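Visitor: Just so it is clear, I am handing over protein.pdb, which has PDB, C-alpha atoms.
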```
ATOM      1  CA  MET A   1     104.986 119.758 120.478
ATOM      2  CA  ASN A   2     106.149 116.651 122.315
ATOM      3  CA  MET A   3     102.953 115.152 123.633
ATOM      4  CA  ILE A   4     103.272 111.811 125.367
ATOM      5  CA  LEU A   5     100.419 109.456 124.630
ATOM      6  CA  PRO A   6      99.233 107.297 127.532
ATOM      7  CA  LEU A   7     100.123 103.624 127.829
ATOM      8  CA  GLN A   8      97.215 101.461 126.746
ATOM      9  CA  THR A   9      97.185  97.685 126.653
ATOM     10  CA  GLU A  10      94.474  95.141 126.118
ATOM     11  CA  ARG A  11      94.316  91.431 126.776
ATOM     12  CA  THR A  12      94.002  89.127 123.800
ATOM     13  CA  ALA A  13      93.652  85.349 123.489
ATOM     14  CA  GLY A  14      96.438  83.310 125.016
ATOM     15  CA  ASN A  15      97.220  85.866 127.756
ATOM     16  CA  ALA A  16      99.420  87.761 125.310
ATOM     17  CA  PHE A  17      99.489  91.530 125.490
ATOM     18  CA  LYS A  18      99.031  93.714 122.519
ATOM     19  CA  TYR A  19     100.534  97.122 123.029
ATOM     20  CA  LYS A  20      98.783  99.932 121.197
ATOM     21  CA  LEU A  21     100.995 102.831 122.187
ATOM     22  CA  ALA A  22     103.362 103.131 125.090
ATOM     23  CA  ASN A  23     104.728 106.588 125.833
ATOM     24  CA  ILE A  24     105.274 107.299 122.152
ATOM     25  CA  LYS A  25     105.713 110.865 120.972
ATOM     26  CA  VAL A  26     103.335 112.272 118.366
ATOM     27  CA  GLU A  27     106.259 112.582 115.948
ATOM     28  CA  ASP A  28     106.977 108.865 116.299
ATOM     29  CA  VAL A  29     103.346 107.975 115.658
ATOM     30  CA  TYR A  30     103.377 110.246 112.597
ATOM     31  CA  LYS A  31     106.528 108.565 111.263
ATOM     32  CA  GLN A  32     105.005 105.172 111.891
ATOM     33  CA  CYS A  33     101.866 106.192 109.984
ATOM     34  CA  PHE A  34     104.007 107.457 107.122
ATOM     35  CA  HIS A  35     105.933 104.180 106.846
ATOM     36  CA  MET A  36     102.791 102.096 107.282
ATOM     37  CA  TYR A  37     100.497 103.895 104.826
ATOM     38  CA  PHE A  38     102.583 105.745 102.232
ATOM     39  CA  GLU A  39     102.790 102.948  99.643
ATOM     40  CA  LYS A  40      99.129 101.963 100.042
ATOM     41  CA  LEU A  41      98.005 105.579  99.772
ATOM     42  CA  TYR A  42     100.250 106.074  96.748
ATOM     43  CA  GLY A  43      98.590 103.112  95.002
ATOM     44  CA  TYR A  44      95.163 104.464  95.884
ATOM     45  CA  ALA A  45      96.017 107.964  94.627
ATOM     46  CA  PHE A  46      97.507 106.540  91.422
ATOM     47  CA  THR A  47      94.232 104.752  90.609
ATOM     48  CA  ILE A  48      92.552 108.159  90.606
ATOM     49  CA  VAL A  49      95.129 110.523  89.057
ATOM     50  CA  LYS A  50      96.889 108.021  86.734
ATOM     51  CA  ASP A  51     100.241 109.806  87.081
ATOM     52  CA  ASN A  52     103.204 108.775  89.267
ATOM     53  CA  ALA A  53     104.414 112.256  90.203
ATOM     54  CA  GLU A  54     100.935 113.599  90.878
ATOM     55  CA  ALA A  55     100.059 110.547  93.003
ATOM     56  CA  LYS A  56     103.158 111.103  95.153
ATOM     57  CA  ASP A  57     102.333 114.804  95.467
ATOM     58  CA  VAL A  58      98.804 113.969  96.577
ATOM     59  CA  VAL A  59     100.012 111.552  99.263
ATOM     60  CA  GLN A  60     102.661 113.977 100.488
ATOM     61  CA  SER A  61     100.034 116.726 100.706
ATOM     62  CA  ALA A  62      97.787 114.421 102.735
ATOM     63  CA  PHE A  63     100.602 113.761 105.201
ATOM     64  CA  ILE A  64     101.337 117.488 105.433
ATOM     65  CA  LYS A  65      97.661 118.127 106.215
ATOM     66  CA  LEU A  66      97.767 115.389 108.851
ATOM     67  CA  TRP A  67     100.847 116.963 110.421
ATOM     68  CA  GLU A  68      99.261 120.397 110.432
ATOM     69  CA  LYS A  69      96.189 118.982 112.183
ATOM     70  CA  ARG A  70      98.078 116.629 114.514
ATOM     71  CA  ASN A  71      96.602 118.342 117.578
ATOM     72  CA  GLU A  72      93.054 117.987 116.243
ATOM     73  CA  VAL A  73      93.232 114.446 114.878
ATOM     74  CA  ASN A  74      93.577 111.443 117.166
ATOM     75  CA  LEU A  75      96.649 110.149 115.346
ATOM     76  CA  PRO A  76      96.744 106.524 116.260
ATOM     77  CA  ALA A  77      93.020 105.920 116.016
ATOM     78  CA  SER A  78      91.942 108.151 113.134
ATOM     79  CA  ALA A  79      95.085 108.462 111.040
ATOM     80  CA  ARG A  80      94.177 105.805 108.469
ATOM     81  CA  SER A  81      90.683 107.103 107.736
ATOM     82  CA  TYR A  82      91.860 110.732 107.778
ATOM     83  CA  LEU A  83      94.655 109.955 105.295
ATOM     84  CA  TYR A  84      92.462 107.982 102.904
ATOM     85  CA  THR A  85      89.790 110.667 102.940
ATOM     86  CA  SER A  86      92.395 113.390 102.363
ATOM     87  CA  VAL A  87      94.021 111.462  99.519
ATOM     88  CA  TYR A  88      90.636 110.903  97.889
ATOM     89  CA  HIS A  89      89.695 114.592  97.952
ATOM     90  CA  LEU A  90      93.179 115.829  96.997
ATOM     91  CA  ALA A  91      93.320 113.365  94.089
ATOM     92  CA  LEU A  92      89.938 114.499  92.783
ATOM     93  CA  ASN A  93      91.079 118.128  93.038
ATOM     94  CA  THR A  94      94.244 117.250  91.120
ATOM     95  CA  VAL A  95      92.260 115.625  88.302
ATOM     96  CA  ARG A  96      89.829 118.558  88.180
ATOM     97  CA  ASN A  97      92.694 121.071  88.098
ATOM     98  CA  ARG A  98      94.443 119.135  85.331
ATOM     99  CA  LYS A  99      91.289 119.144  83.204
ATOM    100  CA  THR A 100      90.860 122.868  83.801
ATOM    101  CA  ARG A 101      94.468 123.579  82.774
ATOM    102  CA  GLU A 102      94.075 121.497  79.626
ATOM    103  CA  GLY A 103      90.838 123.333  78.786
ATOM    104  CA  HIS A 104      92.536 126.699  79.208
ATOM    105  CA  ARG A 105      95.458 125.589  77.076
ATOM    106  CA  GLU A 106      93.108 124.605  74.247
ATOM    107  CA  HIS A 107      91.345 127.978  74.382
ATOM    108  CA  LEU A 108      94.553 129.996  74.536
ATOM    109  CA  ILE A 109      96.152 128.410  71.488
ATOM    110  CA  PRO A 110      93.839 127.787  68.527
ATOM    111  CA  LYS A 111      94.098 124.358  66.888
ATOM    112  CA  GLU A 112      94.871 125.864  63.470
ATOM    113  CA  PHE A 113      97.875 127.651  64.942
ATOM    114  CA  THR A 114      99.249 124.505  66.615
ATOM    115  CA  GLN A 115      98.684 122.484  63.422
ATOM    116  CA  ALA A 116     100.477 125.120  61.343
ATOM    117  CA  LEU A 117     103.261 125.260  63.923
ATOM    118  CA  ASN A 118     103.580 121.479  63.899
ATOM    119  CA  THR A 119     103.757 121.453  60.088
ATOM    120  CA  LEU A 120     106.398 124.182  60.158
ATOM    121  CA  GLU A 121     108.371 122.321  62.833
ATOM    122  CA  GLN A 122     108.179 119.093  60.836
ATOM    123  CA  LYS A 123     109.456 120.872  57.725
ATOM    124  CA  GLU A 124     112.305 122.412  59.720
ATOM    125  CA  ILE A 125     113.203 119.076  61.275
ATOM    126  CA  SER A 126     113.096 117.348  57.896
ATOM    127  CA  LEU A 127     115.290 120.079  56.389
ATOM    128  CA  ARG A 128     117.830 119.748  59.212
ATOM    129  CA  ILE A 129     117.990 115.955  58.781
ATOM    130  CA  HIS A 130     118.476 116.202  55.000
ATOM    131  CA  GLU A 131     121.166 118.873  55.446
ATOM    132  CA  ALA A 132     122.966 116.623  57.927
ATOM    133  CA  ILE A 133     122.764 113.669  55.521
ATOM    134  CA  ASP A 134     124.038 115.852  52.656
ATOM    135  CA  SER A 135     127.018 116.919  54.788
ATOM    136  CA  LEU A 136     128.220 113.306  55.120
ATOM    137  CA  PRO A 137     131.322 112.277  53.142
ATOM    138  CA  PRO A 138     130.299 111.140  49.621
ATOM    139  CA  ARG A 139     130.734 107.357  50.078
ATOM    140  CA  CYS A 140     129.193 107.489  53.544
ATOM    141  CA  ASN A 141     126.243 109.518  52.190
ATOM    142  CA  GLU A 142     125.673 107.078  49.349
ATOM    143  CA  ILE A 143     125.652 104.024  51.633
ATOM    144  CA  PHE A 144     123.496 105.704  54.264
ATOM    145  CA  SER A 145     120.961 106.868  51.640
ATOM    146  CA  LYS A 146     120.703 103.397  50.117
ATOM    147  CA  SER A 147     120.207 101.830  53.539
ATOM    148  CA  ARG A 148     117.890 104.257  55.289
ATOM    149  CA  LEU A 149     116.168 106.151  52.496
ATOM    150  CA  GLU A 150     115.847 103.360  49.920
ATOM    151  CA  GLY A 151     115.469 100.570  52.522
ATOM    152  CA  LYS A 152     118.128  98.287  51.076
ATOM    153  CA  LYS A 153     119.919  95.619  53.124
ATOM    154  CA  TYR A 154     123.669  95.748  53.759
ATOM    155  CA  LEU A 155     124.342  92.707  51.522
ATOM    156  CA  GLU A 156     122.371  94.291  48.688
ATOM    157  CA  ILE A 157     124.311  97.571  49.024
ATOM    158  CA  ALA A 158     127.632  95.705  49.159
ATOM    159  CA  SER A 159     126.946  93.769  45.953
ATOM    160  CA  GLU A 160     125.581  96.869  44.176
ATOM    161  CA  LEU A 161     128.669  98.968  45.050
ATOM    162  CA  ASN A 162     131.078  96.040  44.724
ATOM    163  CA  ILE A 163     132.365  96.384  48.309
ATOM    164  CA  SER A 164     132.335  94.114  51.359
ATOM    165  CA  VAL A 165     129.472  93.979  53.844
ATOM    166  CA  LYS A 166     131.987  94.976  56.534
ATOM    167  CA  THR A 167     132.723  98.203  54.625
ATOM    168  CA  VAL A 168     128.995  98.952  54.493
ATOM    169  CA  GLU A 169     128.744  98.367  58.271
ATOM    170  CA  VAL A 170     131.720 100.639  58.966
ATOM    171  CA  GLN A 171     130.378 103.407  56.718
ATOM    172  CA  MET A 172     126.913 103.158  58.348
ATOM    173  CA  GLY A 173     128.492 103.378  61.806
ATOM    174  CA  LYS A 174     130.457 106.434  60.706
ATOM    175  CA  ALA A 175     127.320 108.063  59.223
ATOM    176  CA  LEU A 176     125.243 107.436  62.341
ATOM    177  CA  LYS A 177     127.976 108.829  64.580
ATOM    178  CA  ILE A 178     128.212 112.026  62.502
ATOM    179  CA  LEU A 179     124.423 112.426  62.370
ATOM    180  CA  ARG A 180     124.082 111.870  66.124
ATOM    181  CA  THR A 181     126.611 114.620  66.736
ATOM    182  CA  GLN A 182     125.057 117.058  64.261
ATOM    183  CA  LEU A 183     121.460 116.424  65.368
ATOM    184  CA  ALA A 184     122.028 116.123  69.136
ATOM    185  CA  ASP A 185     120.222 119.398  69.877
ATOM    186  CA  LEU A 186     117.300 118.278  67.728
ATOM    187  CA  ALA A 187     117.044 115.019  69.675
ATOM    188  CA  MET A 188     116.896 116.942  72.961
ATOM    189  CA  ILE A 189     114.163 119.224  71.597
ATOM    190  CA  LEU A 190     112.125 116.201  70.517
ATOM    191  CA  ILE A 191     112.540 114.588  73.939
ATOM    192  CA  ILE A 192     111.483 117.789  75.692
ATOM    193  CA  CYS A 193     108.443 118.137  73.403
ATOM    194  CA  LEU A 194     107.347 114.605  74.288
ATOM    195  CA  PHE A 195     107.139 115.526  77.972
ATOM    196  CA  ILE A 196     105.391 118.900  77.665
TER     197      ILE A 196
END
```
Could you write out this file's structure as structure tokens?
Guide:
Amino acid sequence: MNMILPLQTERTAGNAFKYKLANIKVEDVYKQCFHMYFEKLYGYAFTIVKDNAEAKDVVQSAFIKLWEKRNEVNLPASARSYLYTSVYHLALNTVRNRKTREGHREHLIPKEFTQALNTLEQKEISLRIHEAIDSLPPRCNEIFSKSRLEGKKYLEIASELNISVKTVEVQMGKALKILRTQLADLAMILIICLFI
């Protein structure tokens, strides 16, 4: 709907005119509100929900509600208060819904099961890492084990094996490259688990 809002001006000090709205379409006022308030509303929503994505969703939902009620809300005059009130209520609903979901998740999966699963996963991960280390070439395996498993420094390893520090560095680089390749899928699984 392309409603034209009436021209309204008011005199201010110094005979300057302040134009409120002059033949501006509702869509233009809406866009102006979006550009004027989005960041402030986002900051406000973030203080309540404590999550970037959820805060943006809340603000976007508030603007959608404003758009849906554009014929009922006096956009230029009431937009700010309408948006802040909407963001407040939507943010509280988001927090409440999150707590409900977390409560359901805890009841659906018993703690003993998740602890057992975590222990099993840790054993599997540890087994995969040790298998990958064992698959390294013999010299590479020896140097890597001394460095990472025994905690020795490169100079210490070099003097113990009667080789140069540069050789230790090269062998460690080779070992890390092989392990990265062999355990790439495991790294992705760990990253995904961190964000679930």
Visitor: Taking the file above as input, evaluate the PyMOL selection byres ((chain A and resi 157-160) around 12) and report the hits as a short mmCIF file (atom, residue, chain, number, x, y, z; two decimals) with C-alpha atoms, in the frame of the given file.
Guide:
```cif
data_model
loop_
_atom_site.label_atom_id
_atom_site.label_comp_id
_atom_site.auth_asym_id
_atom_site.auth_seq_id
_atom_site.Cartn_x
_atom_site.Cartn_y
_atom_site.Cartn_z
CA ARG A 139 130.73 107.36 50.08
CA CYS A 140 129.19 107.49 53.54
CA GLU A 142 125.67 107.08 49.35
CA ILE A 143 125.65 104.02 51.63
CA PHE A 144 123.50 105.70 54.26
CA SER A 145 120.96 106.87 51.64
CA LYS A 146 120.70 103.40 50.12
CA SER A 147 120.21 101.83 53.54
CA ARG A 148 117.89 104.26 55.29
CA GLU A 150 115.85 103.36 49.92
CA GLY A 151 115.47 100.57 52.52
CA LYS A 152 118.13 98.29 51.08
CA LYS A 153 119.92 95.62 53.12
CA TYR A 154 123.67 95.75 53.76
CA LEU A 155 124.34 92.71 51.52
CA GLU A 156 122.37 94.29 48.69
CA LEU A 161 128.67 98.97 45.05
CA ASN A 162 131.08 96.04 44.72
CA ILE A 163 132.36 96.38 48.31
CA SER A 164 132.34 94.11 51.36
CA VAL A 165 129.47 93.98 53.84
CA LYS A 166 131.99 94.98 56.53
CA THR A 167 132.72 98.20 54.62
CA VAL A 168 129.00 98.95 54.49
CA GLU A 169 128.74 98.37 58.27
CA VAL A 170 131.72 100.64 58.97
CA GLN A 171 130.38 103.41 56.72
CA MET A 172 126.91 103.16 58.35
#
```
Visitor: Translate the PyMOL selection byres ((chain A and resi 89-92) around 12) into a concrete residue list for this structure, as a PyMOL selection string.
Guide: chain A and resi 41-65+82-88+93-99
Visitor: Can I get the selected residues back with C-alpha atoms, as a PDB file, in the coordinates of the input?
Guide:
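The file below, out_31.pdb, is the result:
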```
ATOM      1  CA  LEU A  41      98.005 105.579  99.772  1.00  0.00           C
ATOM      2  CA  TYR A  42     100.250 106.074  96.748  1.00  0.00           C
ATOM      3  CA  GLY A  43      98.590 103.112  95.002  1.00  0.00           C
ATOM      4  CA  TYR A  44      95.163 104.464  95.884  1.00  0.00           C
ATOM      5  CA  ALA A  45      96.017 107.964  94.627  1.00  0.00           C
ATOM      6  CA  PHE A  46      97.507 106.540  91.422  1.00  0.00           C
ATOM      7  CA  THR A  47      94.232 104.752  90.609  1.00  0.00           C
ATOM      8  CA  ILE A  48      92.552 108.159  90.606  1.00  0.00           C
ATOM      9  CA  VAL A  49      95.129 110.523  89.057  1.00  0.00           C
ATOM     10  CA  LYS A  50      96.889 108.021  86.734  1.00  0.00           C
ATOM     11  CA  ASP A  51     100.241 109.806  87.081  1.00  0.00           C
ATOM     12  CA  ASN A  52     103.204 108.775  89.267  1.00  0.00           C
ATOM     13  CA  ALA A  53     104.414 112.256  90.203  1.00  0.00           C
ATOM     14  CA  GLU A  54     100.935 113.599  90.878  1.00  0.00           C
ATOM     15  CA  ALA A  55     100.059 110.547  93.003  1.00  0.00           C
ATOM     16  CA  LYS A  56     103.158 111.103  95.153  1.00  0.00           C
ATOM     17  CA  ASP A  57     102.333 114.804  95.467  1.00  0.00           C
ATOM     18  CA  VAL A  58      98.804 113.969  96.577  1.00  0.00           C
ATOM     19  CA  VAL A  59     100.012 111.552  99.263  1.00  0.00           C
ATOM     20  CA  GLN A  60     102.661 113.977 100.488  1.00  0.00           C
ATOM     21  CA  SER A  61     100.034 116.726 100.706  1.00  0.00           C
ATOM     22  CA  ALA A  62      97.787 114.421 102.735  1.00  0.00           C
ATOM     23  CA  PHE A  63     100.602 113.761 105.201  1.00  0.00           C
ATOM     24  CA  ILE A  64     101.337 117.488 105.433  1.00  0.00           C
ATOM     25  CA  LYS A  65      97.661 118.127 106.215  1.00  0.00           C
ATOM     26  CA  TYR A  82      91.860 110.732 107.778  1.00  0.00           C
ATOM     27  CA  LEU A  83      94.655 109.955 105.295  1.00  0.00           C
ATOM     28  CA  TYR A  84      92.462 107.982 102.904  1.00  0.00           C
ATOM     29  CA  THR A  85      89.790 110.667 102.940  1.00  0.00           C
ATOM     30  CA  SER A  86      92.395 113.390 102.363  1.00  0.00           C
ATOM     31  CA  VAL A  87      94.021 111.462  99.519  1.00  0.00           C
ATOM     32  CA  TYR A  88      90.636 110.903  97.889  1.00  0.00           C
ATOM     33  CA  ASN A  93      91.079 118.128  93.038  1.00  0.00           C
ATOM     34  CA  THR A  94      94.244 117.250  91.120  1.00  0.00           C
ATOM     35  CA  VAL A  95      92.260 115.625  88.302  1.00  0.00           C
ATOM     36  CA  ARG A  96      89.829 118.558  88.180  1.00  0.00           C
ATOM     37  CA  ASN A  97      92.694 121.071  88.098  1.00  0.00           C
ATOM     38  CA  ARG A  98      94.443 119.135  85.331  1.00  0.00           C
ATOM     39  CA  LYS A  99      91.289 119.144  83.204  1.00  0.00           C
TER      40      LYS A  99
END
```
Visitor: One decimal, Å: what's the distance from atom CA of A:Leu75 over to atom CA of A:Glu39, could you say?
Guide: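 It comes out at 18.3 Å.
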Visitor: Choose the residue, out of A:Ile178, A:Asn71, A:Lys25, A:Ala77, that has the smallest atom-to-atom separation from A:Ile129; count all atoms listed in the file.
Guide: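 Of A:Ile178, A:Asn71, A:Lys25, A:Ala77, the one nearest A:Ile129, counting all atoms listed in the file, is A:Ile178.
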Visitor: Write out as number ranges by chain the residues lying within 12 Å of A:Leu183, counting all atoms listed in the file and excluding same-chain residues fewer than 5 positions away.
Guide: A: 125-133, 135, 175-178, 188-190
Visitor: Those same residues, written as an mmCIF file, keeping the file's coordinate frame with C-alpha atoms?
Guide:
```cif
data_model
loop_
_atom_site.group_PDB
_atom_site.id
_atom_site.type_symbol
_atom_site.label_atom_id
_atom_site.label_comp_id
_atom_site.auth_asym_id
_atom_site.auth_seq_id
_atom_site.Cartn_x
_atom_site.Cartn_y
_atom_site.Cartn_z
ATOM 1 C CA ILE A 125 113.203 119.076 61.275
ATOM 2 C CA SER A 126 113.096 117.348 57.896
ATOM 3 C CA LEU A 127 115.290 120.079 56.389
ATOM 4 C CA ARG A 128 117.830 119.748 59.212
ATOM 5 C CA ILE A 129 117.990 115.955 58.781
ATOM 6 C CA HIS A 130 118.476 116.202 55.000
ATOM 7 C CA GLU A 131 121.166 118.873 55.446
ATOM 8 C CA ALA A 132 122.966 116.623 57.927
ATOM 9 C CA ILE A 133 122.764 113.669 55.521
ATOM 10 C CA SER A 135 127.018 116.919 54.788
ATOM 11 C CA ALA A 175 127.320 108.063 59.223
ATOM 12 C CA LEU A 176 125.243 107.436 62.341
ATOM 13 C CA LYS A 177 127.976 108.829 64.580
ATOM 14 C CA ILE A 178 128.212 112.026 62.502
ATOM 15 C CA MET A 188 116.896 116.942 72.961
ATOM 16 C CA ILE A 189 114.163 119.224 71.597
ATOM 17 C CA LEU A 190 112.125 116.201 70.517
#
```
Visitor: With only C-alpha atoms as the atoms that count, which of A:Glu121, A:Arg101, A:Leu66, A:Pro137 lies nearest to A:Ala79?
Guide: A:Leu66
Visitor: Rounded to one decimal place, report the atom CA of A:Leu136-atom CA of A:Gln122 distance in Å.
Guide: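 Separation of atom CA of A:Leu136 and atom CA of A:Gln122: 21.6 Å.
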